[in-house]
$ cat entry27.cif   # mmCIF, C-alpha atoms and all ligand atoms
data_target
loop_
_atom_site.label_atom_id
_atom_site.label_comp_id
_atom_site.auth_asym_id
_atom_site.auth_seq_id
_atom_site.Cartn_x
_atom_site.Cartn_y
_atom_site.Cartn_z
CA MET A 17 1.04 -38.32 -5.87
CA ALA A 18 1.91 -37.15 -9.36
CA ALA A 19 4.30 -34.21 -9.89
CA ILE A 20 1.42 -31.94 -10.99
CA ASP A 21 -0.30 -32.42 -7.60
CA ARG A 22 2.89 -31.46 -5.76
CA LEU A 23 3.85 -28.22 -7.54
CA ILE A 24 2.50 -24.98 -6.05
CA VAL A 25 3.03 -21.78 -8.04
CA ALA A 26 3.18 -18.56 -6.02
CA LEU A 27 0.92 -15.91 -7.60
CA ASP A 28 2.97 -13.00 -6.27
CA VAL A 29 1.22 -10.21 -8.18
CA ASN A 30 -0.85 -7.26 -7.03
CA SER A 31 -4.17 -7.49 -8.83
CA GLU A 32 -6.96 -9.95 -9.48
CA GLU A 33 -6.61 -9.43 -13.20
CA ARG A 34 -2.88 -10.24 -13.22
CA ALA A 35 -3.38 -13.27 -11.00
CA VAL A 36 -6.23 -14.67 -13.08
CA THR A 37 -4.39 -14.02 -16.37
CA LEU A 38 -1.38 -15.91 -15.04
CA ALA A 39 -3.46 -18.76 -13.64
CA GLU A 40 -5.34 -19.07 -16.94
CA LYS A 41 -2.03 -19.42 -18.82
CA LEU A 42 -0.93 -22.10 -16.38
CA LYS A 43 -4.05 -24.05 -15.61
CA ASN A 44 -3.32 -27.00 -17.92
CA ASP A 45 0.02 -27.59 -16.21
CA VAL A 46 -0.49 -26.26 -12.67
CA LYS A 47 -3.29 -27.27 -10.31
CA PHE A 48 -2.18 -25.53 -7.13
CA PHE A 49 -1.55 -21.82 -6.48
CA LYS A 50 -0.25 -19.88 -3.51
CA ILE A 51 -1.97 -16.62 -2.64
CA GLY A 52 0.15 -14.47 -0.37
CA LEU A 53 -0.16 -11.24 1.55
CA GLU A 54 0.33 -8.92 -1.42
CA LEU A 55 -2.33 -10.49 -3.63
CA PHE A 56 -4.81 -11.12 -0.82
CA SER A 57 -4.42 -7.54 0.46
CA SER A 58 -4.90 -6.22 -3.05
CA THR A 59 -8.00 -8.24 -3.95
CA GLY A 60 -9.63 -9.57 -0.81
CA PRO A 61 -11.01 -13.09 -0.45
CA LYS A 62 -12.64 -13.22 -3.89
CA ILE A 63 -9.36 -14.22 -5.49
CA VAL A 64 -9.54 -17.54 -3.60
CA GLU A 65 -12.95 -18.19 -5.13
CA ARG A 66 -11.73 -17.25 -8.63
CA ILE A 67 -8.82 -19.70 -8.47
CA LYS A 68 -10.99 -22.45 -7.05
CA GLU A 69 -13.55 -21.89 -9.82
CA MET A 70 -10.76 -22.78 -12.26
CA GLY A 71 -10.59 -26.20 -10.61
CA CYS A 72 -7.34 -25.45 -8.78
CA ASP A 73 -6.32 -25.71 -5.14
CA VAL A 74 -5.20 -22.76 -3.03
CA PHE A 75 -2.49 -22.34 -0.42
CA LEU A 76 -3.50 -19.19 1.48
CA ASP A 77 -0.17 -17.89 2.79
CA LEU A 78 -1.24 -15.25 5.34
CA LYS A 79 0.92 -16.43 8.28
CA PHE A 80 -1.41 -15.67 11.18
CA HIS A 81 0.27 -14.65 14.46
CA ASP A 82 -1.88 -13.15 17.22
CA ILE A 83 -3.55 -14.09 20.50
CA PRO A 84 -5.23 -17.52 20.39
CA THR A 85 -8.82 -16.20 20.25
CA THR A 86 -8.09 -13.88 17.34
CA VAL A 87 -6.24 -16.54 15.37
CA ALA A 88 -8.95 -19.13 16.07
CA LYS A 89 -11.60 -16.74 14.71
CA ALA A 90 -9.50 -15.86 11.67
CA ALA A 91 -8.90 -19.58 11.07
CA ALA A 92 -12.65 -20.24 11.17
CA ALA A 93 -13.19 -17.39 8.69
CA VAL A 94 -10.53 -18.76 6.36
CA THR A 95 -12.07 -22.25 6.56
CA LYS A 96 -15.15 -20.88 4.78
CA LEU A 97 -12.94 -20.00 1.79
CA GLU A 98 -11.94 -23.69 1.55
CA PRO A 99 -8.22 -23.36 0.83
CA PHE A 100 -6.30 -26.63 0.73
CA PHE A 101 -3.59 -25.06 2.96
CA PHE A 102 -3.26 -21.99 5.12
CA ASN A 103 -0.58 -21.17 7.67
CA VAL A 104 0.20 -19.67 11.07
CA HIS A 105 3.46 -18.79 12.83
CA ALA A 106 4.52 -21.57 15.19
CA SER A 107 6.13 -18.89 17.38
CA GLY A 108 2.57 -17.80 18.28
CA GLY A 109 2.73 -20.76 20.66
CA TYR A 110 1.03 -24.06 21.38
CA ASP A 111 -2.30 -22.60 22.51
CA MET A 112 -2.59 -20.39 19.44
CA MET A 113 -1.94 -23.32 17.10
CA LYS A 114 -4.21 -25.73 19.01
CA ARG A 115 -7.07 -23.23 19.07
CA ALA A 116 -6.65 -22.64 15.33
CA ALA A 117 -6.72 -26.39 14.62
CA ASP A 118 -9.79 -26.88 16.83
CA ALA A 119 -11.61 -23.94 15.22
CA VAL A 120 -10.92 -25.27 11.72
CA GLY A 121 -12.18 -28.73 12.64
CA GLN A 122 -15.38 -27.35 14.16
CA GLU A 123 -16.11 -24.91 11.35
CA ALA A 124 -15.44 -27.50 8.63
CA SER A 125 -17.76 -30.06 10.20
CA ARG A 126 -20.44 -27.39 10.80
CA LEU A 127 -20.30 -26.48 7.10
CA GLY A 128 -19.85 -30.06 5.92
CA ILE A 129 -16.69 -29.20 3.96
CA VAL A 130 -13.19 -30.64 3.77
CA LYS A 131 -10.97 -29.30 6.53
CA PRO A 132 -8.16 -27.04 5.25
CA ARG A 133 -4.74 -28.31 6.33
CA ILE A 134 -2.81 -25.94 8.57
CA LEU A 135 0.92 -25.43 8.08
CA ALA A 136 3.30 -23.87 10.57
CA VAL A 137 5.94 -21.34 9.67
CA THR A 138 8.84 -22.10 12.04
CA ILE A 139 11.67 -19.55 11.78
CA LEU A 140 11.44 -17.18 8.83
CA THR A 141 14.30 -18.00 6.49
CA SER A 142 15.06 -14.29 6.26
CA LEU A 143 16.21 -14.37 9.92
CA ASP A 144 19.78 -15.51 10.51
CA GLU A 145 21.39 -16.05 13.90
CA ALA A 146 22.31 -12.36 14.28
CA ALA A 147 18.79 -11.21 13.43
CA LEU A 148 17.34 -13.70 15.91
CA LYS A 149 19.67 -12.40 18.64
CA GLU A 150 18.50 -8.88 17.90
CA ILE A 151 14.93 -9.85 18.76
CA GLY A 152 16.06 -11.69 21.89
CA LEU A 153 16.16 -15.26 20.58
CA SER A 154 19.54 -16.84 21.10
CA ALA A 155 18.69 -20.37 19.92
CA ASP A 156 20.49 -22.01 17.05
CA PRO A 157 18.02 -21.50 14.14
CA ALA A 158 18.30 -25.14 12.97
CA LYS A 159 17.38 -26.42 16.44
CA ALA A 160 14.62 -23.85 16.86
CA VAL A 161 13.08 -24.99 13.56
CA LEU A 162 12.89 -28.59 14.79
CA ARG A 163 11.55 -27.59 18.20
CA LEU A 164 8.80 -25.47 16.63
CA ALA A 165 7.95 -28.21 14.12
CA HIS A 166 7.45 -30.67 17.00
CA LEU A 167 5.29 -28.13 18.83
CA ALA A 168 3.16 -27.61 15.71
CA LYS A 169 2.66 -31.35 15.34
CA ARG A 170 1.69 -31.70 18.99
CA ALA A 171 -0.82 -28.84 18.59
CA GLY A 172 -2.54 -30.78 15.79
CA LEU A 173 -1.18 -28.93 12.76
CA ASP A 174 -0.70 -30.86 9.53
CA GLY A 175 2.80 -29.79 8.53
CA VAL A 176 5.33 -27.01 8.07
CA VAL A 177 6.69 -24.63 5.50
CA ALA A 178 10.43 -25.32 5.39
CA SER A 179 13.39 -24.06 3.39
CA PRO A 180 15.38 -26.59 1.32
CA SER A 181 18.15 -26.57 3.93
CA GLU A 182 15.73 -27.65 6.67
CA THR A 183 13.66 -30.20 4.79
CA LYS A 184 15.84 -33.27 5.34
CA ALA A 185 16.19 -32.80 9.10
CA ILE A 186 12.47 -32.15 9.56
CA ARG A 187 11.53 -35.24 7.57
CA LYS A 188 13.94 -37.34 9.66
CA GLU A 189 12.78 -35.93 13.00
CA LEU A 190 9.04 -35.58 12.42
CA GLY A 191 8.42 -38.77 10.44
CA GLY A 192 6.49 -39.52 7.29
CA ASP A 193 3.00 -38.29 8.11
CA PHE A 194 3.88 -34.63 8.70
CA LEU A 195 3.58 -32.49 5.57
CA ILE A 196 6.53 -30.43 4.35
CA VAL A 197 5.98 -27.63 1.85
CA THR A 198 9.26 -26.25 0.50
CA PRO A 199 9.76 -22.84 -1.16
CA GLY A 200 13.14 -21.54 -2.33
CA VAL A 201 13.15 -24.06 -5.16
CA ARG A 202 15.03 -23.18 -8.33
CA PRO A 203 15.18 -25.34 -11.43
CA ALA A 204 18.65 -25.83 -12.89
CA TRP A 205 18.11 -23.15 -15.58
CA ALA A 206 16.73 -20.38 -13.31
CA VAL A 207 18.47 -17.57 -11.45
CA SER A 208 18.12 -17.68 -7.68
CA ASN A 209 16.70 -14.08 -7.38
CA ASP A 210 16.93 -13.08 -3.68
CA GLN A 211 16.67 -16.67 -2.41
CA LYS A 212 19.89 -17.54 -0.61
CA ARG A 213 19.54 -21.24 0.08
CA VAL A 214 17.97 -22.85 -2.94
CA ALA A 215 17.48 -26.42 -4.10
CA THR A 216 16.48 -27.95 -7.40
CA PRO A 217 13.01 -29.51 -7.66
CA GLU A 218 14.58 -32.98 -7.70
CA ALA A 219 16.70 -32.34 -4.57
CA ALA A 220 13.78 -30.86 -2.62
CA ILE A 221 11.60 -33.89 -3.38
CA LYS A 222 14.45 -36.30 -2.57
CA ASP A 223 15.01 -34.54 0.76
CA GLY A 224 11.40 -35.21 1.72
CA ALA A 225 9.28 -32.29 0.51
CA ASP A 226 5.66 -33.27 -0.16
CA TYR A 227 5.05 -30.07 -2.11
CA ILE A 228 7.36 -27.48 -3.65
CA VAL A 229 6.56 -23.78 -4.06
CA VAL A 230 7.98 -21.93 -7.06
CA GLY A 231 7.30 -18.30 -7.88
CA ARG A 232 9.40 -16.15 -10.17
CA PRO A 233 10.98 -18.86 -12.35
CA VAL A 234 7.43 -19.48 -13.57
CA THR A 235 5.64 -16.16 -13.11
CA GLU A 236 8.42 -14.04 -14.66
CA SER A 237 9.10 -16.46 -17.48
CA LYS A 238 8.35 -15.47 -21.09
CA ASP A 239 6.41 -18.73 -21.34
CA PRO A 240 5.11 -19.57 -17.84
CA ALA A 241 3.41 -22.82 -18.92
CA ALA A 242 6.58 -24.13 -20.58
CA SER A 243 8.60 -23.28 -17.47
CA ALA A 244 6.07 -25.07 -15.27
CA ARG A 245 6.29 -28.16 -17.51
CA GLU A 246 10.10 -28.08 -17.23
CA ILE A 247 9.83 -28.00 -13.44
CA LEU A 248 7.36 -30.91 -13.43
CA LYS A 249 9.90 -32.89 -15.47
CA GLU A 250 12.72 -31.88 -13.13
CA MET A 251 10.79 -33.16 -10.11
CA LYS A 252 11.45 -36.67 -11.51
CA ILE A 253 8.45 -38.34 -9.95
O1 LIG A 301 9.68 -16.30 -6.49
P1 LIG A 301 10.04 -17.34 -5.49
O2 LIG A 301 10.10 -18.75 -6.07
O3 LIG A 301 11.26 -17.00 -4.67
O4 LIG A 301 8.78 -17.34 -4.49
C1 LIG A 301 8.71 -18.17 -3.37
C2 LIG A 301 7.46 -17.90 -2.61
O5 LIG A 301 7.53 -18.61 -1.37
C3 LIG A 301 7.24 -16.45 -2.25
O6 LIG A 301 5.82 -16.23 -2.25
C4 LIG A 301 7.80 -16.33 -0.85
O7 LIG A 301 7.15 -15.35 -0.10
C5 LIG A 301 7.50 -17.71 -0.28
N1 LIG A 301 8.38 -18.14 0.80
C6 LIG A 301 9.75 -18.23 0.66
N2 LIG A 301 10.53 -18.64 1.70
C7 LIG A 301 9.96 -18.97 2.84
C8 LIG A 301 8.58 -18.91 3.00
C9 LIG A 301 7.82 -18.48 1.94
O8 LIG A 301 10.29 -17.94 -0.39
N3 LIG A 301 10.74 -19.42 3.82
#
$ encode --input "entry27.cif" --output "structure tokens"
Amino acid sequence: MAAIDRLIVALDVNSEERAVTLAEKLKNDVKFFKIGLELFSSTGPKIVERIKEMGCDVFLDLKFHDIPTTVAKAAAAVTKLEPFFFNVHASGGYDMMKRAADAVGQEASRLGIVKPRILAVTILTSLDEAALKEIGLSADPAKAVLRLAHLAKRAGLDGVVASPSETKAIRKELGGDFLIVTPGVRPAWAVSNDQKRVATPEAAIKDGADYIVVGRPVTESKDPAASAREILKEMKI
């Protein structure tokens, strides 16, 4: 895959107008956008349609986590929007993930559309060992990430969202056919913002990321398209 197919820009803004303006500026250099909780909650599902109408793919980052029936129904509803990716929390358990995967498969074949790929969020990178203890989880985060990635694969999910510091180990453990989408990527010239463990585009790809997610270095740039082109170059593909 070419670099342009592997760069996902996070549209972390709070209105349809802002998101579309940004995507319009970027659409010659970026073909894949992430829509997260803020934007989706601000606009509703129509933003997915707007981005897809521009000929771009969508990663719908809503991180479902509920009882299996509820997540399966939400997954079927999301399938109709035809995102390329959406995600669920692996800590929702095997049944929740399996039911989501089954529901997506059924709904996609009923509608005759391409099945969205489902990614698992393992352990949120904002949770360190102390924070995990506080919620009653005493496992070593690095081990828990691998355990949950295996569980997601067994449940029929297509891949995981993983921080740069986890990417290498997941690639080694889970093999080549499990997708890894890596946020927390910072090009050499960008500040790290509130991201603690960052990697350059080149390092993330070398470590085994199939896709990288970049937000603020592009969206807050004076020239977002030029910044995106720099990142594509830095991916060295
Ligand atoms: O602006 P920045 O490049 O930090 O944005 C990264 C995007 O990836 C944000 O939308 C953030 O919510 C998301 N993300 C992340 N770290 C994770 C999972 C998702 O930064 N572990």
$ residues_near_point --input "entry27.cif" --point "(-10.6, -17.1, 20.0)" --cutoff "9 Å" --atoms "all atoms listed in the file" --output "PyMOL selection string"
chain A and resi 83-90+112+115-116+119
$ residues_near_ligand --input "entry27.cif" --ligand "ligand LIG 301 (chain A)" --cutoff "9 Å" --atoms "all atoms listed in the file" --output "number ranges by chain"
A: 25-28, 50-53, 77, 137-142, 177-180, 198-202, 208-211, 229-236
$ write_last_selection --input "entry27.cif" --atoms "C-alpha atoms" --output "mmCIF file, in the frame of the given file"
data_model
loop_
_atom_site.group_PDB
_atom_site.id
_atom_site.type_symbol
_atom_site.label_atom_id
_atom_site.label_comp_id
_atom_site.auth_asym_id
_atom_site.auth_seq_id
_atom_site.Cartn_x
_atom_site.Cartn_y
_atom_site.Cartn_z
ATOM 1 C CA VAL A 25 3.030 -21.780 -8.040
ATOM 2 C CA ALA A 26 3.180 -18.560 -6.020
ATOM 3 C CA LEU A 27 0.920 -15.910 -7.600
ATOM 4 C CA ASP A 28 2.970 -13.000 -6.270
ATOM 5 C CA LYS A 50 -0.250 -19.880 -3.510
ATOM 6 C CA ILE A 51 -1.970 -16.620 -2.640
ATOM 7 C CA GLY A 52 0.150 -14.470 -0.370
ATOM 8 C CA LEU A 53 -0.160 -11.240 1.550
ATOM 9 C CA ASP A 77 -0.170 -17.890 2.790
ATOM 10 C CA VAL A 137 5.940 -21.340 9.670
ATOM 11 C CA THR A 138 8.840 -22.100 12.040
ATOM 12 C CA ILE A 139 11.670 -19.550 11.780
ATOM 13 C CA LEU A 140 11.440 -17.180 8.830
ATOM 14 C CA THR A 141 14.300 -18.000 6.490
ATOM 15 C CA SER A 142 15.060 -14.290 6.260
ATOM 16 C CA VAL A 177 6.690 -24.630 5.500
ATOM 17 C CA ALA A 178 10.430 -25.320 5.390
ATOM 18 C CA SER A 179 13.390 -24.060 3.390
ATOM 19 C CA PRO A 180 15.380 -26.590 1.320
ATOM 20 C CA THR A 198 9.260 -26.250 0.500
ATOM 21 C CA PRO A 199 9.760 -22.840 -1.160
ATOM 22 C CA GLY A 200 13.140 -21.540 -2.330
ATOM 23 C CA VAL A 201 13.150 -24.060 -5.160
ATOM 24 C CA ARG A 202 15.030 -23.180 -8.330
ATOM 25 C CA SER A 208 18.120 -17.680 -7.680
ATOM 26 C CA ASN A 209 16.700 -14.080 -7.380
ATOM 27 C CA ASP A 210 16.930 -13.080 -3.680
ATOM 28 C CA GLN A 211 16.670 -16.670 -2.410
ATOM 29 C CA VAL A 229 6.560 -23.780 -4.060
ATOM 30 C CA VAL A 230 7.980 -21.930 -7.060
ATOM 31 C CA GLY A 231 7.300 -18.300 -7.880
ATOM 32 C CA ARG A 232 9.400 -16.150 -10.170
ATOM 33 C CA PRO A 233 10.980 -18.860 -12.350
ATOM 34 C CA VAL A 234 7.430 -19.480 -13.570
ATOM 35 C CA THR A 235 5.640 -16.160 -13.110
ATOM 36 C CA GLU A 236 8.420 -14.040 -14.660
#
$ residues_around --input "entry27.cif" --residues "Gly192 of chain A" --least-positions-apart "4" --cutoff "12 Å" --atoms "all atoms listed in the file" --output "list of chain:residue names"
A:Asp174, A:Gly175, A:Lys184, A:Ala185, A:Ile186, A:Arg187, A:Lys188, A:Ile196, A:Asp223, A:Gly224, A:Ala225, A:Asp226
$ residues_around --input "entry27.cif" --residues "Val64 of chain A" --least-positions-apart "4" --cutoff "9 Å" --atoms "only C-alpha atoms" --output "ChimeraX atom specification"
/A:51,56,60,68-69,73-74,76,97-99
$ residues_around --input "entry27.cif" --residues "Arg66 of chain A" --least-positions-apart "6" --cutoff "10 Å" --atoms "only C-alpha atoms" --output "list in words"
Glu32, Ala35, Val36, Ala39 and Cys72 of chain A
$ write_last_selection --input "entry27.cif" --atoms "C-alpha atoms" --output "PDB file, keeping the file's coordinate frame"
ATOM      1  CA  GLU A  32      -6.960  -9.950  -9.480  1.00  0.00           C
ATOM      2  CA  ALA A  35      -3.380 -13.270 -11.000  1.00  0.00           C
ATOM      3  CA  VAL A  36      -6.230 -14.670 -13.080  1.00  0.00           C
ATOM      4  CA  ALA A  39      -3.460 -18.760 -13.640  1.00  0.00           C
ATOM      5  CA  CYS A  72      -7.340 -25.450  -8.780  1.00  0.00           C
TER       6      CYS A  72
END
$ closest_residue --input "entry27.cif" --among "A:Arg133, A:Lys149, A:Lys62, A:Lys79" --to "Leu195 of chain A" --atoms "only C-alpha atoms"
A:Arg133
$ atom_distance --input "entry27.cif" --atom1 "atom CA of Ala206 of chain A" --atom2 "atom CA of Ile221 of chain A"
17.5 Å
$ residues_around --input "entry27.cif" --residues "Ala242 of chain A" --least-positions-apart "4" --cutoff "12 Å" --atoms "all atoms listed in the file" --output "VMD selection string"
chain A and resid 41 to 46 233 to 238 246 to 249
$ atom_distance --input "entry27.cif" --atom1 "atom CA of Thr95 of chain A" --atom2 "atom CA of Phe75 of chain A"
11.9 Å
$ atom_distance --input "entry27.cif" --atom1 "atom CA of Leu23 of chain A" --atom2 "atom CA of Val207 of chain A"
18.5 Å
$ closest_residue --input "entry27.cif" --among "A:Ile134, A:Ala117, A:Ile253, A:Ile67" --to "Phe102 of chain A" --atoms "only C-alpha atoms"
A:Ile134
$ residues_around --input "entry27.cif" --residues "Ala106 of chain A" --least-positions-apart "4" --cutoff "10 Å" --atoms "only C-alpha atoms" --output "number ranges by chain"
A: 79-81, 110, 112-113, 135-139, 161, 163-169, 171, 173, 176
$ closest_residue --input "entry27.cif" --among "A:Ser125, A:Ala215, A:Asp21, A:Ala155" --to "Leu143 of chain A" --atoms "only C-alpha atoms"
A:Ala155
$ closest_residue --input "entry27.cif" --among "A:Val104, A:Leu162, A:Asp156, A:Ile228" --to "Phe48 of chain A" --atoms "all atoms listed in the file"
A:Ile228
$ closest_residue --input "entry27.cif" --among "A:Pro61, A:Ser154, A:Ile129, A:Gly191" --to "Phe100 of chain A" --atoms "all atoms listed in the file"
A:Ile129
$ closest_residue --input "entry27.cif" --among "A:Lys96, A:Lys47, A:Ser31, A:Glu150" --to "Arg126 of chain A" --atoms "all atoms listed in the file"
A:Lys96
